[in-house]
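Worksheet for the structure shown next.
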Amino acid sequence: MSESATTVAKKRPEFRNINAFTDLPSYRLPLAGIVSILHRISGAIMFLLMPFIIWMFDTSISSEISFAKFKTAFNVGMLGLPGFVWKLVALALIWAYLHHFIAGLRHLWMDTSHAAVSKEFGKSSAAVTLAVSIGLTLVLGAKLFGLY
């Protein structure tokens, strides 16, 4: 008999369904995975808030009067919501655009360069993507809320 026939076969791994309440909270997603999920979320935010984006653009460039109404919506409020809420929505859009754009550039770089397809580059570029998008969002958010 051959040696392979006498040895006991290794037990194959058992695959099971993932329970979202018990398994996912303990799962440590790598930084590149977090950036990938945020890339999808930022795209969804921009898609869902497209009517608001179109309204902001149309109102801001139509005339001086409509621009004054636009500024009033952000300073005083509109539709029963204070201006602070509208500024937070605009800040969410700013973050979504910046993160989606920078993560998209990261993906394009990985598509064009074989050296960029490594675990080390994925981790470092994910950290840079998060740092730059959050940093620029903070700077533009400070301008939006009138800190400078």
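Ligands are numbered from 1 in the order shown, chains are lettered A, B, ... in the order of the structure tokens, and residues start at 1 in each chain.
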Would you list the contacts of A:Leu136 as a ChimeraX atom specification, taking every protein, DNA or RNA residue within 12 Å and counting only C-alpha atoms, but skipping same-chain residues closer than 4 positions in sequence? /A:91,94-99,101-102,128-132,140-143
So which residues of chain A fall under helix (DSSP H, G or I) by DSSP, listed as number ranges by chain? A: 3-6, 24-26, 31-48, 50-62, 64-75, 83-112, 114-116, 119-144
Under the rule that only C-alpha atoms are counted, which of A:Lys87, A:Lys123, A:Arg12, A:Arg28 is the nearest residue to A:Phe70? A:Lys87
I'd like the contact shell of A:His107 - 10 Å cut-off, only C-alpha atoms, skipping same-chain residues fewer than 5 positions apart - returned as a list of chain:residue names.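 After dropping sequence-adjacent residues, the list is A:Ser36, A:Phe101, A:Ile102, A:Thr112, A:Ala116, A:Val117, A:Gly122, A:Ser125.
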Which residue out of A:Phe145, A:Val8, A:Glu14, A:His114 has the minimum interatomic distance to A:Gly83 when only C-alpha atoms are used?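 With only C-alpha atoms as the atom set, the closest residue is A:Phe145.
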Would you give me, as a ChimeraX atom specification, the residues in chain A that DSSP reads as strand (DSSP E or B)? /A:77-78,81-82
My list of candidates is A:Val85, A:Leu79, A:Arg106, A:Asn17. Which is closest to A:Ser124 when distances are computed with only C-alpha atoms?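 Of A:Val85, A:Leu79, A:Arg106, A:Asn17, the one nearest A:Ser124 is A:Arg106, counting only C-alpha atoms.
The residue set within 9 Å of stretch 53-67 of chain A, counting only C-alpha atoms and dropping same-chain residues fewer than 4 places from it, reads Met46, Leu49, Lys71, Thr72, Ala90 and Leu93 of chain A.
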Output the selection as a PDB file, in the first residue's frame - C-alpha atoms for each residue.
ATOM      1  CA  MET A  46     -23.667  61.221  -3.499  1.00  0.00           C
ATOM      2  CA  LEU A  49     -28.367  63.309  -2.378  1.00  0.00           C
ATOM      3  CA  LYS A  71     -27.217  81.641   1.681  1.00  0.00           C
ATOM      4  CA  THR A  72     -30.311  82.113   3.850  1.00  0.00           C
ATOM      5  CA  ALA A  90     -23.344  69.810   2.833  1.00  0.00           C
ATOM      6  CA  LEU A  93     -21.474  65.703   0.691  1.00  0.00           C
TER       7      LEU A  93
END
Coordinates-based distance that separates atom CA of A:Ile41 from atom CA of A:His100 (Å, one decimal): 8.8 Å
